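Report on the following structure.
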Amino acid sequence: MSVPGRRVLLALLCLPGLLLVEVLPCLAITTTTLQLGTLQGDGWHAEDLQLQLNLLDDSHAGILLQARKARLPEPLGELTDLQLECASADLTAVRLECPDGVLQLQSDQYGKQQIQARFGYRFKDKQLTFNLAGIHLLEGRLALRGELAAGKWQLDVEADRLSLPQLSTRLVTAGLALPQLEGGGELALTAHLQGRAAALEQAGFRLHLRADSFTDAAGSLAGEELDVTVTGDAHAAAGGWRVNLEASAGRGRLYVEPLFIEVPEQAIQASARLDYQVDSRQLILHSLEYRHPGSVVLAANGRIDLGSGPLLRDLQVELQEGRFAALYGTYLRPWFAGTMIGDLDTAGGLTGELHWQAGELGRVKLDLADLSLQDREGRFDLTGLSGRLRWSAGGTTEVSDLHWQGGSVYRVELGRADLRVETTGSKARLVEPARIQVLDGELQLDTFNLDIGDAAALRWQVDGILTPVSMRQLSLALGWPEFAGKLSGVIPAVRYDDGHLSVGGVLLVRVFDGVITLNDVSLERPFGVIPRLQLDARIKNIDLESLTGTFSFGRIEGRLDGRIDDLAMESWRPVAFDAVIATPAGDRSRHRISQRAVENISSIGGGGVGGVLSRSFLRFFKDFPYDRLGISCRLENGICEMGGVAPAPEVGGYYLVKGRLLPHLDVIGYADRVDWESLVAQITAVIKQQTAVSE
Amino acid sequence: MKILRIPVAMALLAFVAACVTINVYFPAEAAEKAADRIIRDVYGEPAQQPAPAEPQSLNRYLTAPSASPVLALLDWLVSPAHAGADISVNTPAIRQLEAAMEKRHQQLAKYYTDGAVGMTQDGLITIRDQKLVALQDRNTVKSLVASENRDRDALYAEIAKANSHPEWEADIREIFARRWVDNAPSGWWYQTGQGGWKQK
């Protein structure tokens, strides 16, 4: 019991008790008034004390005890106009018994009180009993029943309908670091205290809180429709206390920033068995159990230091049952608002152990059972994630096994994977090579190294091989126009350092009988608001016949080479590049372009042949020979600066197709600055139209 | 000969210097228009006619050099797409951010109206009084506010970057901070210079 608690008890006992003991020898006179002046003791004093005794008959007396002012230990404080009146007390040689006394007083803290006071005193063994009922306290009622004999005492407390906001105000005023609450809420308390002299030896209590709605000023602690019961007992033990506590929340909603807990159909329960050592301010937790039905069952034991050392001196927490959806939604998610893992749909189960030592997390054992994590923004998901995570602080090496059934990153589907990872302190590495299916290909990871280092920057490095992935599936997944071909590559070093991912080595796209190589691929903040991809590409020996066949663009025969420098994509859309694709110099393949292809090119590039073909004799030719064809585009700020294979200064344009022999046909572009978005829209429209026609 | 060369060199120098100078002028008026367009899209409804922009914002950026003949020459040399008086907000990233904010606004609007969420002076939003939010929605609102601010920060940086002037970010943020408030319907709360709150 706290120090103020003991003082209350003392104060209550000393009022009727001490005074009666002193004055009883004067009982021989019919009516006696004694002016006692000022009396004081340890922590209390009373001024202008006056006792009036009125002997009614042999065995009855009227008693009136008055004091103008009294100061008692807190929380009683200063009382004025005290009066204890007993109209007819049984008074014999054995005992004094007042069955219907009235105690009146005025307090600056508790207002004017009129209390039914029943008390008795046995002279032989100096046993005092009292029963005070109808005390107004915090808008509620308080009753006290006590007994004191031979230095031993006990006290029963019964309080009902105490106002929670008023109580918080009273406690804050008393200097306790507790939130000041507003709103409504009622407390009922029953307690039984036992002790000897000024010392409390054991206590038991039951506290019942019912609150429709309360909140602190900032709204960071709030409850609604709460029904909480706390029972407990405490026994004095060597150097401190042995305490048992049990709490149960039957219904309601509680917000303790940032956690929001809604009591499910079954009550949330917690229980603890602990020792508190007063001198060292240590809490020895023999057992703690927390049970949130449908969400989590936790057990813990250890030592908590409320003194100067680290709080979690030694704490072992066992997650006996964790339903991940509820565990994440209630207890984890609020801490990650606005981060990559702050908005997930989850399922599955999690159990394990966490161990803190000297304030630091020292060991983690987690067992994952069929977890699924799905980013609500659609950036990634993993399903069927199972396995065991093991980690220890310091130099101890632990091995974790993780596997998942499937998943995706930006809608690029991943297949199942098994990973065996070794951790040592802040470092982790892949013990054996792993394979992850990516669309219809496979990413083979030979090495993987991760370093969390100082929590600020996450670093990892991967070496691997990407076996051919169909570009068609990849482009569909990323929302690009459909590309053909296969993407593959040896990726000797993929590095991730503080949000920046760079791919060493070369990625290869084999497509249309040619090769596109991707160099210097890097990705900025892959899961950030705007992922930014950069690369350079070289295009070699693309077969135009299969390209145009795929895109239904009108048949062209020949080969293409090209380059795309400084390609920058934001959210997987190009924002800048410098690209040229054209017939390779010295190309010896057959160069023919169909009438439809010519018309399509013209309709896109603002070229000069438009309807000419269909109106002139050229319409009789299905295709035309050409010398070279090509296009260049430098994209910046949404504007594409266009060019062709050669300038056509005589007409102020550039050659997109430069004709050869007869029937001679040149396609000339005039637009040198084209809005990229409209260009893409036009191309897409032409392809769609052609596809519709060819279908 | 020598005497003649110096004025020519100086004229060239002046020209070059002017070239450099004109690029750093922040096109406040254009930025304001662009901000208004984005903000109205995000707010999703034709909000009330915004208060006219304060004239000082223009004067601050366009000072004496605008009157110099060099500027006229440059206007003619530089094609409209690159002229300093324009501001581009048409990039995939900006459109993506705008779309995300527009979608999120449908959830946030209620909290602006209730006064639970208010606009800050640095072009972001914050929880003004979480007691106005139901207990079970407090974390959702927190998460909405965090995501919105993440997107707004990105938006200001993206606009600056899209215009090849990353250093404009602070100016853009300042303009947005004002325009978010100016375009907001009455009843919404915003932070004042003294850190207090004021209701529109």
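Lettering and numbering for the structure tokens are positional, with chains as A, B, ... in the shown order, residues counted from 1 in each chain, and ligands counted from 1 in the shown order.
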
Which residues of chain B sit at most 7 Å from chain A, using only C-alpha atoms? Give each one's shortest atom pair and distance in Å (one decimal place), in chain and ascending residue order, as CSV.
```
residue,atom,partner,partner_atom,distance
B:Thr91,CA,A:Gly638,CA,6.7
B:Pro92,CA,A:Arg573,CA,6.5
B:Ala93,CA,A:Glu570,CA,6.0
B:Gln130,CA,A:Gly219,CA,5.8
B:Lys131,CA,A:Gly219,CA,4.9
B:Leu135,CA,A:Tyr255,CA,6.2
B:Gln136,CA,A:Phe260,CA,6.4
B:Asn139,CA,A:Pro334,CA,6.3
B:Ser143,CA,A:Ala337,CA,4.9
B:Ala146,CA,A:Gly338,CA,5.0
B:Ser147,CA,A:Gly338,CA,5.2
B:Asp151,CA,A:Val529,CA,6.9
B:Ala162,CA,A:Asn637,CA,6.3
```

Write to file, as an mmCIF file, in the first residue's frame, the residues of the selection just made, with C-alpha atoms.
```cif
data_model
loop_
_atom_site.group_PDB
_atom_site.id
_atom_site.type_symbol
_atom_site.label_atom_id
_atom_site.label_comp_id
_atom_site.auth_asym_id
_atom_site.auth_seq_id
_atom_site.Cartn_x
_atom_site.Cartn_y
_atom_site.Cartn_z
ATOM 1 C CA THR B 91 4.673 14.301 -66.106
ATOM 2 C CA PRO B 92 3.639 10.740 -65.326
ATOM 3 C CA ALA B 93 4.898 11.117 -61.753
ATOM 4 C CA GLN B 130 -8.072 13.814 -32.922
ATOM 5 C CA LYS B 131 -10.868 13.886 -30.398
ATOM 6 C CA LEU B 135 -11.628 5.931 -31.778
ATOM 7 C CA GLN B 136 -11.628 3.186 -34.348
ATOM 8 C CA ASN B 139 -5.222 5.231 -36.910
ATOM 9 C CA SER B 143 -2.220 6.850 -41.901
ATOM 10 C CA ALA B 146 1.041 10.444 -43.329
ATOM 11 C CA SER B 147 0.431 9.193 -46.875
ATOM 12 C CA ASP B 151 2.682 12.510 -51.601
ATOM 13 C CA ALA B 162 9.960 18.520 -63.968
#
```

What's around Gln191 of chain B at 6 Å? Count only C-alpha atoms, leave out sequence neighbours fewer than 4 positions away in its own chain, and write the answer as a VMD selection string. chain B and resid 120 to 121 195 to 197

Those same residues - N, CA and C atoms - I'd like them written as a short mmCIF file (atom, residue, chain, number, x, y, z; two decimals), in the first residue's frame.
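File written: part_12.cif
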```
data_model
loop_
_atom_site.label_atom_id
_atom_site.label_comp_id
_atom_site.auth_asym_id
_atom_site.auth_seq_id
_atom_site.Cartn_x
_atom_site.Cartn_y
_atom_site.Cartn_z
N THR B 120 -1.41 22.92 -42.81
CA THR B 120 -0.29 23.57 -42.14
C THR B 120 0.30 24.65 -43.04
N GLN B 121 1.21 25.40 -42.48
CA GLN B 121 1.81 26.49 -43.25
C GLN B 121 2.82 26.03 -44.27
N GLY B 195 1.26 29.94 -35.37
CA GLY B 195 1.13 28.55 -34.95
C GLY B 195 -0.26 28.21 -34.44
N GLY B 196 -1.14 29.20 -34.42
CA GLY B 196 -2.51 28.95 -33.98
C GLY B 196 -3.35 28.44 -35.14
N TRP B 197 -4.62 28.18 -34.86
CA TRP B 197 -5.52 27.67 -35.89
C TRP B 197 -6.59 28.69 -36.19
#
```

Test item: residues at most 9 Å from Asp36 of chain B, only C-alpha atoms, excluding those fewer than 6 positions along its chain, as number ranges by chain: B: 50, 176, 179-180, 183

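Straight-line separation from atom CA of Asp345 of chain A to atom CA of Asn149 of chain B: 22.2 Å.
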
Taking 5 positions as the minimum chain separation for residues in the same chain, which residues sit within 6 Å of segment 110-127 of chain A when counting only C-alpha atoms? Answer as a list of chain:residue names. A:Val94, A:Arg95, A:Leu96, A:Glu97, A:Cys98, A:Pro99, A:Asp100, A:Gly101, A:Val102, A:Leu103, A:Gln104, A:Leu105, A:Leu132, A:Ala133, A:Gly134, A:Ile135, A:Leu148, A:Ala149

Keeping only C-alpha atoms, write those residues as a PDB file, in the first residue's frame.
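Output contents, as saved in result_24.pdb:
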```
ATOM      1  CA  VAL A  94     -16.650  -3.237  29.750  1.00  0.00           C
ATOM      2  CA  ARG A  95     -17.246  -1.169  26.652  1.00  0.00           C
ATOM      3  CA  LEU A  96     -18.447   1.941  24.933  1.00  0.00           C
ATOM      4  CA  GLU A  97     -20.736   1.411  21.973  1.00  0.00           C
ATOM      5  CA  CYS A  98     -22.212   4.093  19.765  1.00  0.00           C
ATOM      6  CA  PRO A  99     -24.706   2.574  17.303  1.00  0.00           C
ATOM      7  CA  ASP A 100     -25.925   5.784  15.632  1.00  0.00           C
ATOM      8  CA  GLY A 101     -23.294   8.500  15.771  1.00  0.00           C
ATOM      9  CA  VAL A 102     -23.043  11.333  13.264  1.00  0.00           C
ATOM     10  CA  LEU A 103     -19.763  12.839  12.154  1.00  0.00           C
ATOM     11  CA  GLN A 104     -19.941  16.260  10.504  1.00  0.00           C
ATOM     12  CA  LEU A 105     -17.110  18.177   9.029  1.00  0.00           C
ATOM     13  CA  LEU A 132     -18.398   5.129   8.675  1.00  0.00           C
ATOM     14  CA  ALA A 133     -21.032   5.209   5.965  1.00  0.00           C
ATOM     15  CA  GLY A 134     -22.324   7.792   3.520  1.00  0.00           C
ATOM     16  CA  ILE A 135     -19.076   9.625   2.931  1.00  0.00           C
ATOM     17  CA  LEU A 148      -8.036  -1.885  15.751  1.00  0.00           C
ATOM     18  CA  ALA A 149      -6.765  -3.995  18.645  1.00  0.00           C
TER      19      ALA A 149
END
```

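By only C-alpha atoms, and with residues fewer than 2 positions from Ser678 of chain A along its chain excluded, the set lying at most 12 Å from it is Ile604, Gly605, Gly638, Ile639, Cys640, Arg673, Val674, Asp675, Trp676, Val680, Ala681, Gln682, Ile683, Thr684 and Ala685 of chain A.
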
Just N, CA and C atoms for this one: save the residues we selected as an mmCIF file, in the first residue's frame.
```cif
data_model
loop_
_atom_site.group_PDB
_atom_site.id
_atom_site.type_symbol
_atom_site.label_atom_id
_atom_site.label_comp_id
_atom_site.auth_asym_id
_atom_site.auth_seq_id
_atom_site.Cartn_x
_atom_site.Cartn_y
_atom_site.Cartn_z
ATOM 1 N N ILE A 604 1.578 9.006 -88.224
ATOM 2 C CA ILE A 604 2.137 9.300 -86.914
ATOM 3 C C ILE A 604 3.041 10.520 -86.964
ATOM 4 N N GLY A 605 3.961 10.521 -87.875
ATOM 5 C CA GLY A 605 5.030 11.516 -87.827
ATOM 6 C C GLY A 605 4.687 12.836 -88.453
ATOM 7 N N GLY A 638 8.504 15.981 -71.385
ATOM 8 C CA GLY A 638 7.292 15.629 -72.106
ATOM 9 C C GLY A 638 7.327 15.949 -73.585
ATOM 10 N N ILE A 639 8.444 16.496 -74.044
ATOM 11 C CA ILE A 639 8.557 16.855 -75.462
ATOM 12 C C ILE A 639 9.600 15.952 -76.120
ATOM 13 N N CYS A 640 9.230 15.378 -77.262
ATOM 14 C CA CYS A 640 10.156 14.530 -77.995
ATOM 15 C C CYS A 640 10.692 15.346 -79.173
ATOM 16 N N ARG A 673 9.263 18.858 -82.888
ATOM 17 C CA ARG A 673 8.996 18.793 -81.450
ATOM 18 C C ARG A 673 7.585 18.257 -81.261
ATOM 19 N N VAL A 674 7.510 17.072 -80.709
ATOM 20 C CA VAL A 674 6.214 16.419 -80.592
ATOM 21 C C VAL A 674 5.930 16.135 -79.122
ATOM 22 N N ASP A 675 4.699 16.332 -78.750
ATOM 23 C CA ASP A 675 4.299 16.007 -77.383
ATOM 24 C C ASP A 675 4.327 14.489 -77.221
ATOM 25 N N TRP A 676 5.120 14.026 -76.266
ATOM 26 C CA TRP A 676 5.361 12.588 -76.117
ATOM 27 C C TRP A 676 4.075 11.816 -75.850
ATOM 28 N N VAL A 680 2.621 8.788 -78.153
ATOM 29 C CA VAL A 680 2.345 7.434 -77.683
ATOM 30 C C VAL A 680 0.891 7.071 -77.957
ATOM 31 N N ALA A 681 -0.001 8.048 -77.700
ATOM 32 C CA ALA A 681 -1.423 7.803 -77.928
ATOM 33 C C ALA A 681 -1.676 7.487 -79.395
ATOM 34 N N GLN A 682 -1.011 8.245 -80.291
ATOM 35 C CA GLN A 682 -1.205 8.041 -81.728
ATOM 36 C C GLN A 682 -0.731 6.658 -82.154
ATOM 37 N N ILE A 683 0.475 6.306 -81.671
ATOM 38 C CA ILE A 683 1.030 5.001 -82.042
ATOM 39 C C ILE A 683 0.102 3.892 -81.559
ATOM 40 N N THR A 684 -0.328 4.029 -80.300
ATOM 41 C CA THR A 684 -1.209 2.996 -79.735
ATOM 42 C C THR A 684 -2.486 2.896 -80.563
ATOM 43 N N ALA A 685 -3.023 4.069 -80.951
ATOM 44 C CA ALA A 685 -4.265 4.078 -81.731
ATOM 45 C C ALA A 685 -4.050 3.370 -83.067
#
```

Leu64 of chain A surroundings by only C-alpha atoms, 10 Å radius, close-in-sequence under 4 positions cut, as a list in words: Thr33, Gln50, Leu51, Gln52, Leu53, Asn54, Gln83, Leu84, Glu85, Cys86, Ala87, Gly101, Val102 and Leu103 of chain A

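Excluding Glu174 of chain B itself and same-chain residues fewer than 3 positions from it, the residues having an atom within 8 Å of it are Gln121, Asp122, Gly123, Ala170, Asp171, Ala177 and Arg178 of chain B, counting only C-alpha atoms.
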
Output for the residues just chosen: C-alpha atoms as a JSON list (two decimals), in the first residue's frame:
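Wrote selection-v9.json, looks like this:
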```
[["chain", "number", "residue", "atom", "x", "y", "z"],
["B", 121, "GLN", "CA", 1.81, 26.49, -43.25],
["B", 122, "ASP", "CA", 4.28, 24.31, -45.09],
["B", 123, "GLY", "CA", 1.79, 22.90, -47.56],
["B", 170, "ALA", "CA", 10.59, 25.67, -51.46],
["B", 171, "ASP", "CA", 8.89, 28.32, -53.62],
["B", 177, "ALA", "CA", 0.56, 26.08, -48.94],
["B", 178, "ARG", "CA", -1.34, 29.28, -49.72]]
```

Alpha helix (DSSP H) per DSSP on the backbone: members of segment 519-602 of chain A, as a list in words: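 Here are the alpha helix (DSSP H) residues of segment 519-602 of chain A: Leu544, Glu545, Ser546, Leu547, Thr548, Gly549, Thr550, Phe551, Gln595, Arg596, Ala597, Val598, Glu599, Asn600, Ile601 and Ser602 of chain A.
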
The distance between atom CA of Ser502 of chain A and atom CA of Gly425 of chain A is 25.2 Å

From the list B:Leu144, B:Ala157, B:Ala31, B:Ile172, which residue is nearest Ala100 of chain B when using only C-alpha atoms?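 Residue with the minimum atom-to-atom distance to Ala100 of chain B: B:Leu144.
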
What's the separation between atom CA of Arg363 of chain A and atom CA of Tyr290 of chain A, in Å to one decimal place? 20.7 Å

Which parts of segment 382-584 of chain A does DSSP call strand (DSSP E or B) when run on the backbone here, written out as a PyMOL selection string? chain A and resi 382-392+397-404+406-409+412-414+417-424+427-430+434-438+441-451+459-470+486-497+500-503+506-511+514-524+532-543+556-557+559-570+573-582

Put those residues in a file: C-alpha atoms, as a short mmCIF file (atom, residue, chain, number, x, y, z; two decimals), in the first residue's frame.
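Wrote it out as again04.cif, contents follow:
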```cif
data_model
loop_
_atom_site.label_atom_id
_atom_site.label_comp_id
_atom_site.auth_asym_id
_atom_site.auth_seq_id
_atom_site.Cartn_x
_atom_site.Cartn_y
_atom_site.Cartn_z
CA LEU A 382 3.60 -12.67 -50.54
CA THR A 383 1.42 -15.67 -49.82
CA GLY A 384 2.06 -18.87 -47.94
CA LEU A 385 5.01 -17.39 -46.10
CA SER A 386 6.19 -19.93 -43.55
CA GLY A 387 9.33 -20.89 -41.77
CA ARG A 388 11.44 -20.02 -38.79
CA LEU A 389 13.26 -16.77 -38.14
CA ARG A 390 16.14 -16.95 -35.67
CA TRP A 391 18.34 -14.11 -34.63
CA SER A 392 20.70 -13.32 -31.78
CA THR A 397 25.29 -17.10 -35.75
CA GLU A 398 21.77 -18.37 -36.29
CA VAL A 399 20.10 -20.00 -39.27
CA SER A 400 16.63 -19.07 -40.48
CA ASP A 401 14.49 -20.87 -43.01
CA LEU A 402 11.87 -19.06 -45.00
CA HIS A 403 9.68 -20.20 -47.78
CA TRP A 404 6.74 -18.81 -49.60
CA GLY A 406 4.01 -17.15 -54.30
CA GLY A 407 3.86 -13.43 -54.52
CA SER A 408 4.40 -10.48 -56.75
CA VAL A 409 6.35 -7.27 -57.04
CA VAL A 412 5.30 -9.23 -61.69
CA GLU A 413 4.46 -12.67 -60.42
CA LEU A 414 6.91 -14.58 -58.28
CA ALA A 417 10.90 -20.00 -53.09
CA ASP A 418 12.90 -21.53 -50.29
CA LEU A 419 15.52 -19.44 -48.58
CA ARG A 420 18.00 -20.50 -45.95
CA VAL A 421 19.58 -17.49 -44.35
CA GLU A 422 22.36 -17.19 -41.80
CA THR A 423 22.40 -14.17 -39.51
CA THR A 424 25.25 -12.85 -37.41
CA LYS A 427 24.38 -9.15 -41.08
CA ALA A 428 22.55 -11.83 -43.00
CA ARG A 429 23.57 -14.03 -45.90
CA LEU A 430 22.11 -16.77 -48.03
CA ALA A 434 17.98 -20.01 -54.01
CA ARG A 435 15.65 -20.01 -56.96
CA ILE A 436 12.66 -17.75 -57.31
CA GLN A 437 10.35 -18.14 -60.22
CA VAL A 438 9.73 -14.82 -61.96
CA GLY A 441 11.58 -17.47 -65.94
CA GLU A 442 13.63 -17.94 -62.88
CA LEU A 443 15.88 -15.79 -60.77
CA GLN A 444 18.73 -17.86 -59.41
CA LEU A 445 20.29 -16.21 -56.42
CA ASP A 446 23.83 -17.37 -55.80
CA THR A 447 24.70 -15.03 -53.00
CA PHE A 448 22.72 -12.60 -50.94
CA ASN A 449 24.21 -10.37 -48.27
CA LEU A 450 22.28 -7.98 -46.10
CA ASP A 451 23.52 -5.48 -43.59
CA ARG A 459 22.10 -2.47 -47.55
CA TRP A 460 22.02 -5.69 -49.48
CA GLN A 461 23.72 -7.30 -52.39
CA VAL A 462 22.66 -10.14 -54.66
CA ASP A 463 24.49 -12.12 -57.32
CA GLY A 464 22.42 -14.17 -59.64
CA ILE A 465 21.23 -15.23 -63.03
CA LEU A 466 17.90 -14.44 -64.58
CA THR A 467 16.78 -17.18 -66.92
CA PRO A 468 14.59 -16.08 -69.83
CA VAL A 469 11.40 -14.27 -68.86
CA SER A 470 8.89 -13.55 -71.54
CA LYS A 486 12.73 -12.91 -73.74
CA LEU A 487 14.58 -11.09 -70.99
CA SER A 488 17.51 -12.77 -69.34
CA GLY A 489 20.85 -11.90 -67.88
CA VAL A 490 23.76 -12.57 -65.63
CA ILE A 491 23.57 -10.07 -62.83
CA PRO A 492 26.85 -10.22 -60.98
CA ALA A 493 25.99 -7.60 -58.44
CA VAL A 494 22.63 -6.16 -57.59
CA ARG A 495 23.27 -3.68 -54.81
CA TYR A 496 20.76 -1.94 -52.66
CA ASP A 497 21.99 0.88 -50.50
CA HIS A 500 19.10 2.94 -54.32
CA LEU A 501 19.21 -0.31 -56.26
CA SER A 502 21.80 -0.80 -58.96
CA VAL A 503 22.28 -3.76 -61.25
CA VAL A 506 24.11 -6.68 -68.28
CA LEU A 507 20.51 -7.68 -68.78
CA LEU A 508 19.73 -9.18 -72.11
CA VAL A 509 16.51 -9.12 -74.10
CA ARG A 510 16.49 -11.53 -77.02
CA VAL A 511 13.78 -10.36 -79.31
CA GLY A 514 18.13 -9.50 -82.38
CA VAL A 515 19.47 -8.51 -79.01
CA ILE A 516 18.74 -5.59 -76.73
CA THR A 517 21.28 -5.18 -73.94
CA LEU A 518 20.43 -3.16 -70.86
CA ASN A 519 23.35 -1.53 -69.07
CA ASP A 520 23.71 0.54 -65.93
CA VAL A 521 20.28 -0.40 -64.68
CA SER A 522 19.43 1.33 -61.45
CA LEU A 523 16.28 1.79 -59.48
CA GLU A 524 15.68 4.61 -57.03
CA ARG A 532 12.65 5.74 -60.68
CA LEU A 533 14.31 3.40 -63.15
CA GLN A 534 17.36 4.34 -65.18
CA LEU A 535 19.23 2.43 -67.84
CA ASP A 536 21.05 2.56 -71.16
CA ALA A 537 20.06 0.20 -73.92
CA ARG A 538 21.77 -1.02 -77.08
CA ILE A 539 19.64 -2.52 -79.82
CA LYS A 540 21.31 -4.86 -82.25
CA ASN A 541 20.07 -6.51 -85.41
CA ILE A 542 16.33 -6.52 -84.84
CA ASP A 543 14.41 -8.22 -87.61
CA ILE A 556 8.57 -3.91 -93.24
CA GLU A 557 11.60 -6.01 -94.13
CA ARG A 559 17.15 -4.87 -89.87
CA LEU A 560 17.37 -2.28 -87.11
CA ASP A 561 20.15 -1.15 -84.79
CA GLY A 562 19.87 1.52 -82.19
CA ARG A 563 20.58 2.92 -78.80
CA ILE A 564 18.58 4.39 -75.98
CA ASP A 565 20.76 6.49 -73.73
CA ASP A 566 19.84 7.77 -70.29
CA LEU A 567 16.41 6.21 -70.24
CA ALA A 568 14.64 7.44 -67.12
CA MET A 569 11.33 5.99 -66.07
CA GLU A 570 9.15 7.23 -63.24
CA ARG A 573 6.68 5.39 -67.52
CA PRO A 574 9.47 6.95 -69.59
CA VAL A 575 10.21 10.57 -68.81
CA ALA A 576 13.52 11.08 -70.56
CA PHE A 577 15.78 9.36 -73.04
CA ASP A 578 17.89 9.96 -76.09
CA ALA A 579 17.12 7.28 -78.65
CA VAL A 580 18.02 6.50 -82.22
CA ILE A 581 16.94 3.43 -84.14
CA ALA A 582 17.78 3.03 -87.77
#
```

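Minimum atom-to-atom distances from B:Lys200, B:Lys161, B:Lys33, B:Lys142 to Tyr111 of chain B were compared using only C-alpha atoms, and the lowest value belongs to B:Lys142.
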